[in-house]
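Below is one structure, written out as structure tokens; the observations come after it.
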Amino acid sequence: MKIYPTKDIRNVGIVGHGGTGKTQLVSSLLFTAGATQRFGKVAEGTTTTDWDDEEIARKISIQPGLAHAEWACTLCAGNTVKLNFIDLPGYSTFITETKAALIAADAALITVDAHVGAQVTTEKVWDYCAEYDIPRAFVLTWMDRELSSFERCMESLGELFGRNVVALQMPIGSEKGFRGVIDLVAMKAHLYTPDGDGKATVENIPDALLDEAKEAHEKLVEMIAEGDDEMMEEFFREGTIPVQDLIPAVRKAIVSEKIVPVLMISPLGTSAMPACLPFSPMCSRIRTSTRRPASRNPPARAIASTASTMTRSLFPSSFSRLLPIPSPAAINYFKVKSGVLKNDATLLNFNRNIPERFQHTMVVQGKQLTEIQELHSGDIGAIAKLKETITGDTVGDKSAPIYYQPAQLPEPSITFAVEPKSRADEDKIGVAIHKMMEEDAALRFSRDPQTKEFLLAGNGQQHVEVVVAKLQKRYNVNLTLKPPKVPYRETIRGKADAEGKHKKQSGGARPVRCVPRQVRARRTQQGH
């Protein structure tokens with residue numbers, strides 16, 4: 001694997017509501033870029049980033065998936081850049097994984113189902129991007145499905161996220177007739193052959209769509225030129241802005257979050273896929289418009305001590321900083337925050353004051369790991385499980401201590417009692433679950449002192465069920481889930497007044513004692 005400098009690295013988080021095609025989008029991008037030789041499909045369980053057995057069986061993303069591709073960008077002086085894709089879960093049960101890992105991204109693509117529009121998780125991931133100050137773009141997926149509507153989606157996004165949500169593309173055709181897009185920057189039509197090789201035919205805009213495209217182009221230019229008097233004057237004087245001037249203006253507007261662009265794709269259609277992201281001529285501009293690690297300002301904010309904060313350059317000469325992100329068992333994913341990480345380096349975990357040796361540093365392509373000699377700041381890599389370092393820790397050169405604040409995750413929302421099926425399972429349950437907790441920061445495990453039950457808490461029933469399935473497959477620990485017992489307790493909590501009467505009889509006839517008939521008959525026979 002080639003070693004890339006910071007200026008040629010792009011980290012893009014793929015986020016959105018569950019079922020909007022995030023994993024399929026990444027798979028299509030990798031195939032189009034030539035990073036994979038097979039077009040993976042979620043339905044067939046062959047995608048690169050959903051490789052875990054539970055993900056394949058459930059056909060959803062459960063944990064962050066990493067992949068990378070190399071792409072020769074004509075807008076970057078012909079340089080080959082490295083794209084790191086972070087495929088993140090969309091279902092609310094696993095959304096904490098998304099928040100924890102999105103901190104490593106420099107830009108985000110928010111997928112939106114074209115026949116549904118914005119959904120609950122769409123708003124959540126938007127808030128996460130705003131919290132981390134990440135530039136973002138919307139991607140309308142499943143444009144070739146029935147009831148998909150570009151106009152309805154634009155209206156939905158505009159109502160929720162403001163007028164700065166603007167389209168950079170227009171669809172050519174709708175639903176099953178979707179066959180390409182109009183590039184509203186260059187004002188050209190990109191047409192694709194259904195189930196073809198994915199290569200576009202660039203043509204003039206069809207006459208039937210020309211007026212609508214011009215109106216959308218003017219809206220885009222107006223949004224970009226707001227606050228730029230010189231550009232606005234040129235637009236009114238000439239009636240347009242040359243493409244060579246408009247491209248850098250679009251990039252600047254996206255990075256400064258003046259506009260939030262909207263693109264569109266059909267993730268399963270190889271013909272429509274390159275029309276959008278990021279490998280058509282138009283969308284490669286969007287890829288270069290995403291924020292480079294070197295352009296973040298401040299580049300890296302961290303805690304130097306308990307009482308102060310500081311920023312650190314991405315290019316120091318003597319040290320490197322790493323921030324682990326959620327990762328599967330036996331592997332630590334991390335992002336290099338500054339400096340250069342060389343293979344076989346010995347660094348210090350500043351959270352625990354423990355040295356860690358980084359042997360066999362690797363880059364990630366789904367479940368495939370490739371060793372690399374060094375990683376520059378801004379890049380993402382992996383290493384075999386470290387001894388003491390867990391998700392959120394900071395490690396680096398002991399001569400320059402620093403601490404990066406990890407993502408703040410919400411507390412679990414549901415608790416189950418777990419019952420070992422055998423004595424052997426009971427002996428192993430504690431160690432196995434604590435290993436799972438190192439991987440998943442959203443889990444909580446305890447034992448109720450009153451009911452004596454083991455309690456496992458997570459973000460939802462599906463989350464806990466997935467953990468129990470992993471415990472069985474990885475550590476051979478068999479558990480049964482049950483509703484936890486409620487330790488009901490009663491006590492006197494107030495005062496009360498009452499009156500009573502006691503009657504005692506004195507004198508009079510002695511009361512007749514009643515003897516059952518069977519007893520009287522038995523006594524008569526015995527001569528009593």
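So you can find residues: chains in the structure tokens are A, B, ... in the order shown, residues in each start at 1, and ligands are numbered from 1 in order.
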So that each row is one residue of range 356-407 of chain A with an atom at most 12 Å from range 79-92 of chain A, can you give its shortest atom pair and the distance in Å to one decimal, using only C-alpha atoms, rows by chain and rising number, as a tab-separated table?
```
residue	atom	partner	partner_atom	distance
A:Val363	CA	A:Asn84	CA	9.8
A:Val364	CA	A:Asn84	CA	9.2
A:Gln365	CA	A:Asn84	CA	9.4
A:Gly366	CA	A:Asp87	CA	9.8
A:His376	CA	A:Lys82	CA	11.8
A:Gly378	CA	A:Asn84	CA	10.0
A:Asp379	CA	A:Asn84	CA	7.9
A:Ile380	CA	A:Asn84	CA	7.3
A:Gly381	CA	A:Asn84	CA	9.7
```
Let me see the file: selected residues, N, CA and C atoms, as a compact mmCIF listing (two decimals), in the first residue's frame.
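File out_1.txt, as written:
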```txt
# COMPACT_ATOMS: atom_id res chain seq x y z
N VAL A 363 -3.44 -0.92 7.34
CA VAL A 363 -4.59 -0.20 6.79
C VAL A 363 -5.72 -1.21 6.58
N VAL A 364 -6.96 -0.71 6.58
CA VAL A 364 -8.14 -1.58 6.64
C VAL A 364 -8.92 -1.51 5.34
N GLN A 365 -9.29 -2.68 4.84
CA GLN A 365 -10.22 -2.80 3.71
C GLN A 365 -11.27 -3.84 4.10
N GLY A 366 -12.29 -3.38 4.85
CA GLY A 366 -13.27 -4.33 5.39
C GLY A 366 -12.61 -5.20 6.44
N HIS A 376 0.67 8.92 7.99
CA HIS A 376 0.82 10.35 8.25
C HIS A 376 -0.44 10.90 8.92
N GLY A 378 -3.78 12.54 9.84
CA GLY A 378 -5.02 12.55 9.08
C GLY A 378 -5.43 11.18 8.59
N ASP A 379 -4.52 10.21 8.57
CA ASP A 379 -4.84 8.89 8.04
C ASP A 379 -5.46 8.01 9.13
N ILE A 380 -6.10 6.92 8.69
CA ILE A 380 -6.76 5.98 9.59
C ILE A 380 -6.13 4.61 9.39
N GLY A 381 -5.85 3.92 10.50
CA GLY A 381 -5.22 2.61 10.41
C GLY A 381 -5.72 1.67 11.48
```
message: Let's see if you can do this: from backbone DSSP, list all strand (DSSP E or B) residues in range 153-182 of chain A, as a PyMOL selection string.
response: chain A and resi 165-167+169-172+180-182
Given the selection you just returned, output its residues as a file containing C-alpha atoms, formatted as an mmCIF file, in the first residue's frame.
```cif
data_model
loop_
_atom_site.group_PDB
_atom_site.id
_atom_site.type_symbol
_atom_site.label_atom_id
_atom_site.label_comp_id
_atom_site.auth_asym_id
_atom_site.auth_seq_id
_atom_site.Cartn_x
_atom_site.Cartn_y
_atom_site.Cartn_z
ATOM 1 C CA VAL A 165 -29.529 23.118 1.219
ATOM 2 C CA VAL A 166 -29.102 23.392 -2.567
ATOM 3 C CA ALA A 167 -28.937 20.862 -5.377
ATOM 4 C CA GLN A 169 -27.470 17.934 -9.638
ATOM 5 C CA MET A 170 -30.864 17.387 -11.242
ATOM 6 C CA PRO A 171 -32.248 13.995 -12.220
ATOM 7 C CA ILE A 172 -32.852 13.005 -15.822
ATOM 8 C CA GLY A 180 -28.633 10.202 -15.488
ATOM 9 C CA VAL A 181 -28.087 13.598 -13.915
ATOM 10 C CA ILE A 182 -27.533 17.208 -14.916
#
```
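For the residues A:Pro206, A:Glu44, A:Gln244, A:Lys258, ranking by smallest atom-to-atom distance to Ile224 in chain A using only C-alpha atoms places A:Lys258 first.
Coordinates place CA of Gly430 in chain A at a distance of 9.4 Å from CA of Ser446 in chain A.
Restricting the calculation to only C-alpha atoms, the smallest distance between Asp211 in chain A and any of A:Ile390, A:Val486, A:Ala400, A:Leu184 is found for A:Leu184.
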Extract, using only C-alpha atoms, all DNA, RNA and protein residues at most 8 Å from Val42 in chain A, discarding same-chain residues fewer than 6 positions from it, and format them as a PDB file with N, CA and C atoms, in the first residue's frame.
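The new file out-v4.pdb reads:
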```
ATOM      1  N   THR A  23     -24.161   1.311   3.138  1.00  0.00           N
ATOM      2  CA  THR A  23     -23.198   0.249   2.857  1.00  0.00           C
ATOM      3  C   THR A  23     -23.127  -0.046   1.370  1.00  0.00           C
ATOM      4  N   GLN A  24     -24.279  -0.030   0.707  1.00  0.00           N
ATOM      5  CA  GLN A  24     -24.288  -0.275  -0.738  1.00  0.00           C
ATOM      6  C   GLN A  24     -23.588   0.855  -1.486  1.00  0.00           C
ATOM      7  N   ASP A  50     -19.631  -4.549   5.536  1.00  0.00           N
ATOM      8  CA  ASP A  50     -20.476  -5.383   6.397  1.00  0.00           C
ATOM      9  C   ASP A  50     -19.996  -6.826   6.283  1.00  0.00           C
ATOM     10  N   ILE A  56     -24.158  -9.698   8.269  1.00  0.00           N
ATOM     11  CA  ILE A  56     -24.589 -10.410   7.065  1.00  0.00           C
ATOM     12  C   ILE A  56     -25.958 -11.054   7.282  1.00  0.00           C
ATOM     13  N   LYS A  59     -28.504  -8.132   7.737  1.00  0.00           N
ATOM     14  CA  LYS A  59     -28.473  -7.193   6.603  1.00  0.00           C
ATOM     15  C   LYS A  59     -28.549  -5.735   7.065  1.00  0.00           C
TER      16      LYS A  59
END
```
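In this comparison, which uses only C-alpha atoms, the residue of A:Thr480, A:Gln472, A:Gln368, A:Thr93 approaching Gly460 in chain A most closely is A:Thr93.
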For Met232 in chain A: contacts at 9 Å, only C-alpha atoms, fewer than 6 positions along chain excluded, given as a PyMOL selection string: chain A and resi 221-222+224-226
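Checking A:Ala382, A:Ala441, A:Ile414, A:Ala72 one by one against Gln462 in chain A, counting only C-alpha atoms, you find the shortest gap at A:Ile414.
The coordinates place CA of Thr193 in chain A at 19.3 Å from CA of Gly34 in chain A.
In this structure, CA of Phe350 in chain A sits 7.5 Å away from CA of Gly396 in chain A.
Here the question is which of A:Gly45, A:Pro406, A:Gly239, A:Pro267 gets nearest to Thr32 in chain A using only C-alpha atoms, and that residue is A:Pro267.
Between Glu411 in chain A and the candidates A:Leu443, A:Leu102, A:Met264, A:Leu386, the tightest atom-to-atom separation, counting only C-alpha atoms, involves A:Leu443.
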- request: For Arg179 in chain A, list every protein, DNA or RNA residue within 7 Å, evaluated using only C-alpha atoms, and leave out those in the same chain fewer than 6 positions away; present the list as a PyMOL selection string.
  value: chain A and resi 172-173+191-192+272
Just N, CA, C and O atoms for this one: save the residues we selected as a PDB file, in the first residue's frame.
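Ended up saving to result_36.pdb:
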```pdb
ATOM      1  N   ILE A 172     -32.307  13.176 -14.473  1.00  0.00           N
ATOM      2  CA  ILE A 172     -32.852  13.005 -15.822  1.00  0.00           C
ATOM      3  C   ILE A 172     -33.716  11.757 -15.773  1.00  0.00           C
ATOM      4  O   ILE A 172     -33.222  10.642 -15.665  1.00  0.00           O
ATOM      5  N   GLY A 173     -35.011  11.950 -15.815  1.00  0.00           N
ATOM      6  CA  GLY A 173     -35.945  10.845 -15.643  1.00  0.00           C
ATOM      7  C   GLY A 173     -36.249  10.618 -14.179  1.00  0.00           C
ATOM      8  O   GLY A 173     -35.565  11.137 -13.290  1.00  0.00           O
ATOM      9  N   LEU A 191     -25.313  10.960 -18.982  1.00  0.00           N
ATOM     10  CA  LEU A 191     -26.252   9.874 -19.263  1.00  0.00           C
ATOM     11  C   LEU A 191     -25.549   8.535 -19.106  1.00  0.00           C
ATOM     12  O   LEU A 191     -24.374   8.376 -19.445  1.00  0.00           O
ATOM     13  N   TYR A 192     -26.315   7.530 -18.611  1.00  0.00           N
ATOM     14  CA  TYR A 192     -25.751   6.220 -18.327  1.00  0.00           C
ATOM     15  C   TYR A 192     -26.630   5.134 -18.918  1.00  0.00           C
ATOM     16  O   TYR A 192     -27.854   5.245 -18.948  1.00  0.00           O
ATOM     17  N   ALA A 272     -25.850   4.316 -12.757  1.00  0.00           N
ATOM     18  CA  ALA A 272     -26.151   5.599 -12.130  1.00  0.00           C
ATOM     19  C   ALA A 272     -25.159   5.947 -11.030  1.00  0.00           C
ATOM     20  O   ALA A 272     -25.018   7.108 -10.665  1.00  0.00           O
TER      21      ALA A 272
END
```
- prompt: Contacts of Val243 in chain A at 12 Å or less, counting only C-alpha atoms, minus same-chain residues fewer than 5 places along, as a PyMOL selection string?
  reply: chain A and resi 183-188+217+221+248-250+282+285
- request: Find the residues near Ser422 in chain A: any atom within 12 Å, counting only C-alpha atoms, skip ones fewer than 5 places away on the same chain, and give them as a PyMOL selection string.
  value: chain A and resi 427-429+476-480
Selected residues written out with C-alpha atoms, as a PDB file, in the first residue's frame:
```
ATOM      1  CA  ASP A 427     -17.444 -18.961  35.266  1.00  0.00           C
ATOM      2  CA  LYS A 428     -16.669 -17.302  31.907  1.00  0.00           C
ATOM      3  CA  ILE A 429     -19.391 -14.659  31.714  1.00  0.00           C
ATOM      4  CA  ASN A 476     -18.499 -19.983  23.782  1.00  0.00           C
ATOM      5  CA  VAL A 477     -20.588 -18.383  26.525  1.00  0.00           C
ATOM      6  CA  ASN A 478     -24.267 -19.379  26.288  1.00  0.00           C
ATOM      7  CA  LEU A 479     -26.737 -16.994  27.924  1.00  0.00           C
ATOM      8  CA  THR A 480     -30.493 -16.684  28.188  1.00  0.00           C
TER       9      THR A 480
END
```
message: Based on the backbone DSSP call, show me all residues of range 21-107 of chain A assigned helix (DSSP H, G or I), as a VMD selection string.
response: chain A and resid 22 to 33 53 to 58 74 to 76 92 to 102
